[in-house]
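Just structure.cif here, mmCIF, C-alpha atoms:
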data_coords
#
loop_
_atom_site.label_atom_id
_atom_site.label_comp_id
_atom_site.auth_asym_id
_atom_site.auth_seq_id
_atom_site.Cartn_x
_atom_site.Cartn_y
_atom_site.Cartn_z
CA MET A 292 111.00 118.84 66.82
CA ASN A 293 112.27 118.34 70.37
CA TRP A 294 109.82 115.86 71.81
CA LYS A 295 111.30 115.61 75.29
CA PRO A 296 109.90 118.86 76.74
CA ILE A 297 106.56 118.21 75.02
CA VAL A 298 106.19 114.78 76.62
CA LEU A 299 107.31 116.08 80.01
CA ILE A 300 104.84 118.97 79.85
CA VAL A 301 101.95 116.71 78.79
CA ALA A 302 102.77 114.18 81.54
CA THR A 303 102.87 117.01 84.06
CA ILE A 304 99.61 118.61 82.91
CA THR A 305 97.71 115.32 82.99
CA SER A 306 99.10 114.48 86.46
CA LEU A 307 98.20 117.94 87.78
CA TYR A 308 94.70 117.51 86.36
CA GLN A 309 94.28 114.22 88.20
CA MET A 310 95.61 115.70 91.42
CA LEU A 311 93.21 118.64 91.02
CA LEU A 312 90.32 116.18 90.75
CA ASN A 313 91.61 114.44 93.89
CA TYR A 314 91.75 117.78 95.70
CA ILE A 315 88.20 118.71 94.63
CA GLN A 316 87.09 115.31 95.92
CA TYR A 317 88.90 115.94 99.19
CA ARG A 318 87.30 119.37 99.63
CA SER A 319 83.82 118.05 98.82
CA ALA A 320 83.64 116.29 102.20
CA GLY A 321 82.20 119.51 103.61
CA ASN A 322 79.29 119.68 101.14
CA PRO A 323 75.84 119.69 102.80
CA VAL A 324 74.14 116.28 102.73
CA PRO A 325 70.81 116.29 100.81
CA ALA A 326 67.74 115.72 103.01
CA ASN A 327 66.64 112.52 101.27
CA VAL A 328 69.89 110.72 102.21
CA SER A 329 70.51 112.37 105.56
CA ASP A 330 69.26 109.25 107.38
CA ILE A 331 72.08 107.02 106.05
CA TYR A 332 74.72 108.24 108.52
CA ASP A 333 74.07 109.50 112.02
CA ALA A 334 76.24 112.37 113.28
CA ALA A 335 78.95 110.12 114.71
CA THR A 336 79.07 107.92 111.60
CA HIS A 337 79.22 110.95 109.30
CA LYS A 338 82.11 112.34 111.31
CA ARG A 339 83.87 109.00 110.95
CA TRP A 340 83.09 109.02 107.20
CA GLU A 341 84.69 112.49 106.87
CA GLU A 342 87.86 111.17 108.51
CA TYR A 343 87.86 108.08 106.25
CA HIS A 344 87.21 110.19 103.15
CA GLY A 345 90.01 112.58 104.11
CA GLU A 346 92.56 109.79 104.59
CA LYS A 347 91.59 108.10 101.32
CA SER A 348 91.72 111.39 99.39
CA ARG A 349 95.09 112.38 100.80
CA LEU A 350 96.48 108.97 99.90
CA GLU A 351 95.22 109.35 96.33
CA ILE A 352 96.85 112.77 96.04
CA PHE A 353 100.12 111.38 97.42
CA SER A 354 99.93 108.36 95.12
CA ASN A 355 99.43 110.51 92.03
CA LEU A 356 102.17 112.89 93.12
CA LEU A 357 104.57 110.00 93.66
CA SER A 358 103.67 108.51 90.28
CA TRP A 359 104.33 111.85 88.57
CA VAL A 360 107.71 112.30 90.29
CA VAL A 361 108.85 108.80 89.37
CA THR A 362 107.66 109.22 85.77
CA ILE A 363 109.41 112.56 85.31
CA VAL A 364 112.67 111.31 86.88
CA LEU A 365 112.72 108.22 84.64
CA LEU A 366 112.02 110.29 81.53
CA VAL A 367 114.52 113.04 82.33
CA LEU A 368 117.29 110.52 83.03
CA ASN A 369 116.52 108.45 79.91
CA ALA A 370 116.30 105.46 82.25
CA HIS A 371 114.33 103.25 79.87
CA ALA A 372 116.94 103.57 77.14
CA ALA A 373 119.75 102.90 79.60
CA VAL A 374 118.09 99.65 80.69
CA ALA A 375 117.33 98.62 77.10
CA LYS A 376 120.97 99.10 76.04
CA LEU A 377 122.01 96.36 78.46
CA PHE A 378 120.37 93.85 76.11
CA GLY A 379 120.58 93.04 72.41
CA PRO A 380 119.06 95.00 69.50
CA ASN A 381 116.17 92.58 68.89
CA PRO A 382 113.01 94.77 68.95
CA TYR A 383 110.95 92.15 70.77
CA LEU A 384 113.57 91.62 73.47
CA GLN A 385 113.96 95.38 73.81
CA LEU A 386 110.23 95.95 74.31
CA VAL A 387 109.97 93.11 76.86
CA VAL A 388 112.84 94.60 78.85
CA VAL A 389 111.42 98.14 78.83
CA VAL A 390 107.84 97.10 79.66
CA THR A 391 109.06 94.79 82.45
CA PHE A 392 111.22 97.56 83.93
CA GLN A 393 108.33 100.04 83.94
CA THR A 394 105.76 97.55 85.25
CA LEU A 395 107.96 96.37 88.11
CA LEU A 396 108.56 99.96 89.23
CA GLU A 397 104.88 100.87 88.97
CA CYS A 398 103.84 97.78 90.92
CA LEU A 399 106.45 98.45 93.60
CA PHE A 400 105.00 101.89 94.31
CA ALA A 401 101.44 100.61 93.88
CA MET A 402 102.17 97.93 96.46
CA ILE A 403 103.20 100.60 98.96
CA THR A 404 100.10 102.75 98.47
CA ASN A 405 97.79 99.73 98.25
CA TYR A 406 99.23 98.39 101.48
CA VAL A 407 98.49 101.68 103.23
CA ASP A 408 95.02 101.78 101.68
CA THR A 409 94.03 98.19 102.47
CA MET A 410 96.00 97.20 105.55
CA LYS A 411 95.98 100.60 107.27
CA ILE A 412 93.03 102.79 106.24
CA GLU A 413 90.49 100.07 105.37
CA GLN A 414 91.65 98.12 108.43
CA LYS A 415 91.32 101.17 110.69
CA TYR A 416 87.71 101.75 109.66
CA GLY A 417 86.69 98.12 109.89
CA PHE A 418 86.34 97.27 106.17
CA ASN A 419 89.38 95.10 105.56
CA ARG A 420 89.35 91.40 106.29
CA SER A 421 92.36 90.45 104.16
CA SER A 422 95.29 88.85 105.91
CA GLY A 423 98.84 89.87 105.05
CA LYS A 424 99.17 86.63 103.11
CA THR A 425 96.00 87.25 101.08
CA PHE A 426 97.10 90.82 100.34
CA ALA A 427 100.53 89.62 99.13
CA ILE A 428 99.02 86.91 96.93
CA ASP A 429 96.57 89.41 95.39
CA MET A 430 99.38 91.87 94.66
CA ILE A 431 101.62 89.22 93.08
CA ARG A 432 98.73 87.95 90.98
CA GLY A 433 97.97 91.51 89.88
CA LEU A 434 101.63 92.10 88.97
CA ILE A 435 101.71 88.98 86.81
CA ILE A 436 98.49 89.90 85.01
CA GLU A 437 99.63 93.50 84.43
CA LEU A 438 103.05 92.39 83.18
CA VAL A 439 101.57 89.82 80.79
CA MET A 440 99.02 92.30 79.45
CA GLY A 441 101.64 95.03 78.97
CA ILE A 442 103.98 92.71 77.08
CA VAL A 443 101.16 91.29 74.94
CA LEU A 444 99.96 94.76 73.91
CA ALA A 445 103.50 96.00 73.20
CA VAL A 446 104.30 92.88 71.14
CA LEU A 447 101.04 93.32 69.26
CA LEU A 448 101.90 96.96 68.55
CA CYS A 449 105.37 95.98 67.32
CA ALA A 450 104.24 93.06 65.16
CA LEU A 451 101.43 94.97 63.46
CA HIS A 452 103.57 98.02 62.75
CA LEU A 453 106.44 95.96 61.33
CA TRP A 454 103.96 93.98 59.23
CA LEU A 455 101.45 96.63 58.10
CA GLY A 456 103.22 99.94 58.59
CA ASP A 457 100.75 102.82 58.49
CA GLY A 458 97.93 100.36 57.84
CA MET A 459 98.10 99.08 61.40
CA VAL A 460 95.60 101.54 62.91
CA LEU A 461 92.31 99.74 62.32
CA VAL A 462 93.77 96.29 62.93
CA PHE A 463 95.41 97.36 66.20
CA ALA A 464 92.18 98.97 67.41
CA ALA A 465 90.22 95.81 66.55
CA CYS A 466 92.78 93.59 68.29
CA VAL A 467 92.80 95.66 71.49
CA PHE A 468 89.00 95.75 71.49
CA GLY A 469 88.97 91.99 71.04
CA ILE A 470 91.37 91.57 73.95
CA THR A 471 89.12 93.64 76.22
CA LEU A 472 86.15 91.44 75.27
CA PHE A 473 88.25 88.33 75.88
CA ILE A 474 89.22 89.59 79.34
CA SER A 475 85.55 90.20 80.12
CA PHE A 476 84.83 86.66 78.97
CA ILE A 477 87.51 85.02 81.12
CA TYR A 478 86.95 87.28 84.14
CA PRO A 479 84.71 84.67 85.80
CA ILE A 480 87.58 82.18 85.52
CA LEU A 481 90.11 84.63 86.94
CA SER A 482 87.84 85.60 89.82
CA ARG A 483 87.53 81.94 90.81
CA MET A 484 91.28 81.82 91.33
CA SER A 485 90.97 84.10 94.36
CA ASN A 486 87.42 83.57 95.62
CA LYS A 487 85.03 80.76 96.42
CA PHE A 488 81.59 80.59 94.82
CA VAL A 489 78.65 78.52 96.04
CA PRO A 490 75.14 78.21 94.55
CA LEU A 491 72.50 80.42 96.15
CA GLU A 492 70.42 78.33 98.52
CA ASP A 493 66.85 77.48 97.59
CA GLY A 494 64.34 79.82 99.14
CA GLU A 495 62.44 83.07 98.73
CA LEU A 496 65.36 85.04 97.25
CA LYS A 497 66.22 82.46 94.62
CA GLU A 498 62.56 82.03 93.66
CA LYS A 499 62.01 85.77 93.28
CA LEU A 500 65.20 86.29 91.26
CA THR A 501 64.37 83.36 88.99
CA ALA A 502 60.80 84.60 88.45
CA LEU A 503 62.02 88.12 87.68
CA LEU A 504 64.46 86.89 85.08
CA GLN A 505 62.09 84.35 83.50
CA LYS A 506 59.39 87.01 83.16
CA HIS A 507 61.54 88.65 80.48
CA GLY A 508 63.02 85.46 79.02
CA TYR A 509 66.33 86.31 80.61
CA HIS A 510 68.21 83.08 81.30
CA VAL A 511 71.29 82.72 83.47
CA LYS A 512 73.61 79.78 84.00
CA ALA A 513 73.64 80.12 87.78
CA ILE A 514 73.00 82.38 90.78
CA GLU A 515 76.05 82.22 93.04
CA VAL A 516 77.28 83.73 96.29
CA MET A 517 80.93 84.86 96.52
CA ASP A 518 82.92 84.86 99.76
CA ALA A 519 83.73 88.57 99.56
CA SER A 520 83.64 88.79 103.36
CA ARG A 521 87.05 87.10 103.38
CA ARG A 522 88.51 90.41 102.14
CA THR A 523 86.04 93.19 102.94
CA THR A 524 82.85 94.12 104.75
CA LYS A 525 81.60 96.06 101.70
CA SER A 526 78.73 94.82 99.51
CA ASN A 527 78.26 94.37 95.78
CA ALA A 528 76.49 92.29 93.17
CA TYR A 529 76.92 91.90 89.43
CA PHE A 530 76.23 89.95 86.25
CA THR A 531 79.18 88.21 84.66
CA GLY A 532 79.69 86.18 81.48
CA PHE A 533 77.94 86.30 78.12
CA GLY A 534 74.82 84.72 76.66
CA LYS A 535 73.91 81.37 78.17
CA LEU A 536 77.02 81.55 80.37
CA LYS A 537 75.75 84.67 82.15
CA THR A 538 75.88 84.28 85.93
CA ILE A 539 74.50 86.35 88.80
CA VAL A 540 77.07 86.88 91.54
CA LEU A 541 76.10 88.14 95.00
CA PHE A 542 78.59 89.13 97.67
CA ASP A 543 77.86 87.15 100.81
CA ASN A 544 77.86 90.49 102.66
CA LEU A 545 74.96 91.60 100.45
CA VAL A 546 72.94 88.44 101.07
CA ASN A 547 73.44 88.84 104.81
CA SER A 548 72.51 92.53 104.98
CA MET A 549 69.63 92.96 102.48
CA THR A 550 66.09 91.67 102.30
CA PRO A 551 65.01 89.53 99.30
CA ASP A 552 63.00 92.45 97.89
CA GLU A 553 66.01 94.77 98.11
CA ILE A 554 68.26 92.28 96.31
CA CYS A 555 65.57 91.73 93.68
CA ALA A 556 65.36 95.51 93.24
CA VAL A 557 69.09 95.67 92.58
CA PHE A 558 68.77 92.96 89.93
CA ALA A 559 65.65 94.46 88.41
CA HIS A 560 67.95 97.44 87.86
CA GLU A 561 70.59 95.17 86.28
CA LEU A 562 67.85 93.59 84.19
CA GLY A 563 67.06 97.07 82.90
CA HIS A 564 70.64 97.37 81.66
CA GLY A 565 70.25 94.05 79.87
CA LEU A 566 66.90 94.87 78.27
CA ASN A 567 68.23 98.22 77.02
CA LYS A 568 71.50 96.65 75.83
CA ASP A 569 73.52 99.21 77.75
CA VAL A 570 76.67 97.08 77.89
CA PRO A 571 76.92 96.66 74.06
CA LYS A 572 76.27 100.39 73.64
CA LEU A 573 79.04 101.25 76.08
CA GLN A 574 81.27 98.78 74.23
CA LEU A 575 80.65 100.72 71.02
CA LEU A 576 81.80 103.89 72.79
CA ASN A 577 84.78 101.90 74.02
CA LEU A 578 85.53 100.86 70.45
CA LEU A 579 85.65 104.53 69.45
CA ASN A 580 88.09 105.12 72.29
CA MET A 581 90.19 102.16 71.10
CA LEU A 582 90.32 103.62 67.60
CA LEU A 583 91.55 106.97 68.92
CA MET A 584 94.09 105.12 71.06
CA ALA A 585 95.28 103.20 67.99
CA VAL A 586 95.79 106.49 66.14
CA LEU A 587 97.93 107.77 69.03
CA ALA A 588 99.87 104.48 69.05
CA TRP A 589 100.45 104.78 65.31
CA LEU A 590 101.71 108.35 65.66
CA THR A 591 104.01 107.26 68.48
CA VAL A 592 105.63 104.34 66.63
CA ARG A 593 106.06 106.23 63.36
CA THR A 594 107.72 109.23 65.03
CA ALA A 595 111.28 108.17 65.78
CA GLY A 596 112.01 111.55 67.37
CA MET A 597 109.81 110.66 70.35
CA HIS A 598 112.20 107.81 71.08
CA THR A 599 115.58 109.32 70.22
CA ALA A 600 114.74 112.30 72.47
CA PHE A 601 114.83 109.85 75.41
CA GLY A 602 118.09 108.11 74.52
CA PHE A 603 116.95 105.38 72.13
CA GLU A 604 118.70 104.91 68.80
CA ALA A 605 115.42 104.10 67.03
CA VAL A 606 111.78 103.33 67.76
CA ASN A 607 111.35 101.16 70.85
CA TYR A 608 107.88 99.61 70.94
CA GLY A 609 107.95 99.06 74.69
CA PHE A 610 108.69 102.74 75.21
CA ALA A 611 105.87 103.62 72.79
CA TYR A 612 103.54 101.65 75.06
CA ILE A 613 104.85 103.61 78.07
CA LEU A 614 104.42 106.96 76.32
CA LEU A 615 100.81 106.03 75.62
CA GLY A 616 100.25 105.29 79.30
CA CYS A 617 101.99 108.28 80.84
CA ALA A 618 101.22 111.05 78.34
CA TRP A 619 98.94 110.51 75.36
CA LEU A 620 96.11 108.41 76.83
CA PRO A 621 95.79 110.52 80.01
CA LEU A 622 95.41 113.49 77.66
CA LEU A 623 92.70 111.72 75.63
CA ASN A 624 90.75 109.89 78.34
CA PRO A 625 89.16 112.92 80.06
CA LEU A 626 87.66 113.92 76.72
CA THR A 627 86.31 110.51 75.72
CA GLY A 628 85.39 109.77 79.33
CA LEU A 629 82.95 112.69 79.37
CA LEU A 630 80.85 111.00 76.69
CA SER A 631 80.89 107.50 78.16
CA SER A 632 80.26 108.76 81.71
CA ALA A 633 77.32 110.88 80.57
CA TYR A 634 75.75 107.92 78.80
CA SER A 635 76.42 105.66 81.77
CA ARG A 636 74.62 108.04 84.15
CA TYR A 637 71.68 108.23 81.74
CA ALA A 638 71.60 104.42 81.58
CA GLU A 639 71.58 104.20 85.39
CA TYR A 640 68.48 106.37 85.63
CA ARG A 641 66.76 104.27 82.96
CA ALA A 642 67.69 101.01 84.71
CA ASP A 643 66.29 102.40 87.97
CA ARG A 644 62.98 102.99 86.17
CA GLN A 645 62.95 99.31 85.21
CA ALA A 646 63.13 98.36 88.90
CA VAL A 647 60.19 100.70 89.55
CA ALA A 648 58.23 99.09 86.69
CA GLU A 649 58.81 95.68 88.28
CA GLY A 650 57.31 96.93 91.54
CA TYR A 651 60.59 97.23 93.41
CA GLY A 652 60.93 101.02 93.61
CA GLN A 653 60.82 101.25 97.39
CA GLY A 654 63.07 98.20 97.69
CA LEU A 655 65.58 99.86 95.36
CA ILE A 656 65.65 103.01 97.50
CA SER A 657 66.23 101.12 100.73
CA GLY A 658 68.69 98.77 99.02
CA LEU A 659 70.73 101.61 97.57
CA LYS A 660 70.82 103.28 100.96
CA LYS A 661 72.14 100.10 102.55
CA LEU A 662 74.76 99.75 99.81
CA SER A 663 75.86 103.34 100.39
CA LYS A 664 76.08 102.78 104.13
CA ASP A 665 77.94 99.47 103.77
CA ASN A 666 80.39 100.96 101.26
CA PHE A 667 80.82 104.26 103.13
CA SER A 668 79.81 106.16 99.99
CA HIS A 669 80.06 109.91 99.41
CA LEU A 670 76.54 111.32 99.80
CA ALA A 671 77.26 114.83 98.46
CA PRO A 672 79.99 114.63 95.80
CA SER A 673 81.14 117.67 93.85
CA PRO A 674 78.73 118.37 90.93
CA LEU A 675 81.78 119.14 88.76
CA LEU A 676 83.35 115.77 89.52
CA VAL A 677 80.05 114.03 88.82
CA LYS A 678 79.95 115.54 85.33
CA LEU A 679 83.62 114.86 84.64
CA THR A 680 84.15 111.38 86.04
CA TYR A 681 81.14 109.70 87.67
CA SER A 682 79.59 106.72 85.90
CA HIS A 683 76.67 106.72 88.39
CA PRO A 684 74.53 109.69 89.47
CA PRO A 685 74.72 110.73 93.14
CA LEU A 686 72.39 108.69 95.35
CA SER A 687 70.18 111.66 96.28
CA GLN A 688 69.48 112.39 92.61
CA ARG A 689 68.74 108.72 91.91
CA ILE A 690 66.27 108.62 94.78
CA ASP A 691 64.54 111.78 93.49
CA ALA A 692 64.21 110.16 90.05
CA ILE A 693 62.96 106.85 91.51
CA GLU A 694 60.31 108.58 93.62
CA LYS A 695 59.20 110.60 90.59
CA ALA A 696 58.88 107.38 88.54
CA MET A 697 56.92 105.72 91.38
CA ALA A 698 54.53 108.71 91.49
CA GLU A 699 53.99 108.54 87.72
CA GLN A 700 53.36 104.80 87.93
CA ALA A 701 50.79 105.31 90.67
CA LYS A 702 48.68 107.70 88.57
#

As structure tokens, what does this structure read like?
Amino acid sequence: MNWKPIVLIVATITSLYQMLLNYIQYRSAGNPVPANVSDIYDAATHKRWEEYHGEKSRLEIFSNLLSWVVTIVLLVLNAHAAVAKLFGPNPYLQLVVVVTFQTLLECLFAMITNYVDTMKIEQKYGFNRSSGKTFAIDMIRGLIIELVMGIVLAVLLCALHLWLGDGMVLVFAACVFGITLFISFIYPILSRMSNKFVPLEDGELKEKLTALLQKHGYHVKAIEVMDASRRTTKSNAYFTGFGKLKTIVLFDNLVNSMTPDEICAVFAHELGHGLNKDVPKLQLLNLLNMLLMAVLAWLTVRTAGMHTAFGFEAVNYGFAYILLGCAWLPLLNPLTGLLSSAYSRYAEYRADRQAVAEGYGQGLISGLKKLSKDNFSHLAPSPLLVKLTYSHPPLSQRIDAIEKAMAEQAK
């Protein structure tokens, strides 16, 4: 079988699919805004949002087009094999060389588009607060992390296949799943390398958050405020860590723009996720995805023709990792993503009902509206895109569901 045209066709189809989604997103700027969220932007702000949305969407389309062109050129020219042949036959050295070559190219082009996104578009619309130095440090840190992760996964793939042969599938899936959990565990440590965290000051907000959590026996290590305003004007908040190490993190922008009741509403929502064990359930779906990915990895490393078609003399485990990223996983992810996104949207509605049950329904509505305004969110996204890719329901639909739950509670 001639694998080269197959891989090129799959890479092209998946790239065209992504660009189609980008185009649908771009066109959705003209969708009518639902009445229950029409107060978030005034006419001038909505016009400015349309311009912002258009620039962001066009950049995404260009970025995906550029990525596809670079990928196809590298594959057609057998560039990975040419680079690998400059070094010895050791499989581990070969995979490190190939993964490093690919990662450096990807990061070079990502740096260009990210620079335009952050330092031009976000700067133009008043969201960016990163200096050129901070941007460069963040990009270099990201490159190092991506390079290390790529090499680790490719080495793992190589070692398990050489050791276990066809029996590698389950072990590889378990190892990758374990790595994702480990990354989630150390994320708080990594985030502290680039941000400052301070304890939330004593006062009404801290008392209300503590009471809300203690009501359900939900203990956290700390409630902290992160200096997100050093990089952006946008707002966010999240739980991080596991078990007794779980920490509440609030963007300083959020603390400065929301009332205590609105912030408590947001975390009553997050509490709902915790009480319903939504994260472990999504992790189980993720484990299924990892298993399917491991099957694709196994097929890729046991099919020498996929490698010789691109100039290699035998299986190259670094190139197998690249094939997964540019062809096979993009083909799989839209299918598995439908399931996880659908469950995630269902879980969001259920978590909103928890905020209503805690008496924070109206605070959640006003808080979500402020978040949408601060983050310049899309108020009328394409229904098709929502079903295909959105992990959260559109704000107007969430507000409808919250108001319905409030009405039922009032009966």

For Ser306 in chain A, which of A:Met459, A:Val361, A:Leu472, A:Ala320 is the closest residue, counting only C-alpha atoms? A:Val361

Explicit residue set for the PyMOL selection byres ((chain A and resi 563) around 9), as a short mmCIF file (atom, residue, chain, number, x, y, z; two decimals) with C-alpha atoms, in the coordinates of the input:
data_model
loop_
_atom_site.label_atom_id
_atom_site.label_comp_id
_atom_site.auth_asym_id
_atom_site.auth_seq_id
_atom_site.Cartn_x
_atom_site.Cartn_y
_atom_site.Cartn_z
CA PHE A 558 68.77 92.96 89.93
CA ALA A 559 65.65 94.46 88.41
CA HIS A 560 67.95 97.44 87.86
CA GLU A 561 70.59 95.17 86.28
CA LEU A 562 67.85 93.59 84.19
CA HIS A 564 70.64 97.37 81.66
CA GLY A 565 70.25 94.05 79.87
CA LEU A 566 66.90 94.87 78.27
CA ASN A 567 68.23 98.22 77.02
CA LYS A 568 71.50 96.65 75.83
CA ASP A 569 73.52 99.21 77.75
CA ALA A 638 71.60 104.42 81.58
CA GLU A 639 71.58 104.20 85.39
CA ARG A 641 66.76 104.27 82.96
CA ALA A 642 67.69 101.01 84.71
CA ASP A 643 66.29 102.40 87.97
CA ARG A 644 62.98 102.99 86.17
CA GLN A 645 62.95 99.31 85.21
CA ALA A 646 63.13 98.36 88.90
#

Taking the file as shown, find all residues satisfying the PyMOL selection byres ((chain A and resi 407) around 12) and write them as an mmCIF file with C-alpha atoms, keeping the file's coordinate frame.
data_model
loop_
_atom_site.group_PDB
_atom_site.id
_atom_site.type_symbol
_atom_site.label_atom_id
_atom_site.label_comp_id
_atom_site.auth_asym_id
_atom_site.auth_seq_id
_atom_site.Cartn_x
_atom_site.Cartn_y
_atom_site.Cartn_z
ATOM 1 C CA GLU A 346 92.560 109.790 104.590
ATOM 2 C CA LYS A 347 91.590 108.100 101.320
ATOM 3 C CA ARG A 349 95.090 112.380 100.800
ATOM 4 C CA LEU A 350 96.480 108.970 99.900
ATOM 5 C CA GLU A 351 95.220 109.350 96.330
ATOM 6 C CA PHE A 353 100.120 111.380 97.420
ATOM 7 C CA SER A 354 99.930 108.360 95.120
ATOM 8 C CA PHE A 400 105.000 101.890 94.310
ATOM 9 C CA ALA A 401 101.440 100.610 93.880
ATOM 10 C CA MET A 402 102.170 97.930 96.460
ATOM 11 C CA ILE A 403 103.200 100.600 98.960
ATOM 12 C CA THR A 404 100.100 102.750 98.470
ATOM 13 C CA ASN A 405 97.790 99.730 98.250
ATOM 14 C CA TYR A 406 99.230 98.390 101.480
ATOM 15 C CA ASP A 408 95.020 101.780 101.680
ATOM 16 C CA THR A 409 94.030 98.190 102.470
ATOM 17 C CA MET A 410 96.000 97.200 105.550
ATOM 18 C CA LYS A 411 95.980 100.600 107.270
ATOM 19 C CA ILE A 412 93.030 102.790 106.240
ATOM 20 C CA GLU A 413 90.490 100.070 105.370
ATOM 21 C CA GLN A 414 91.650 98.120 108.430
ATOM 22 C CA LYS A 415 91.320 101.170 110.690
ATOM 23 C CA ASN A 419 89.380 95.100 105.560
ATOM 24 C CA GLY A 423 98.840 89.870 105.050
ATOM 25 C CA PHE A 426 97.100 90.820 100.340
#

To one decimal place, how far is CA of Leu365 in chain A from CA of Asn313 in chain A in Å?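 Calculated distance between CA of Leu365 in chain A and CA of Asn313 in chain A is 23.9 Å.
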
Near range 577-592 of chain A, counting all atoms listed in the file, which residues have an atom at most 6 Å away, once you skip same-chain residues fewer than 6 positions from it, shown as a list in words?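 My reading of the contact set: Val460, Ala464 and Ala611 of chain A.
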
Compare A:Lys537, A:His371, A:Lys678, A:Lys525 by their minimum atom-to-atom distance to Tyr416 in chain A, counting all atoms listed in the file, and give me the closest one.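 Looking at the shortest contact to Tyr416 in chain A, the residue is A:Lys525.
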
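The shortest atom-to-atom distance to Leu357 in chain A, with only C-alpha atoms taken into account, belongs to A:Leu307 out of A:Ser668, A:Phe392, A:Leu307, A:Leu686.
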
For Ser682 in chain A, please output as a list in words all residues within 9 Å (counting only C-alpha atoms; exclusion window: fewer than 6 positions along the same chain). Ser631, Ser632, Ala633, Tyr634, Ser635, Arg636 and Glu639 of chain A

Find the residue from A:Ala701, A:Met440, A:Cys555, A:Cys617 that sits nearest to Val360 in chain A; use all atoms listed in the file when measuring.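 Residue with the minimum atom-to-atom distance to Val360 in chain A: A:Cys617.
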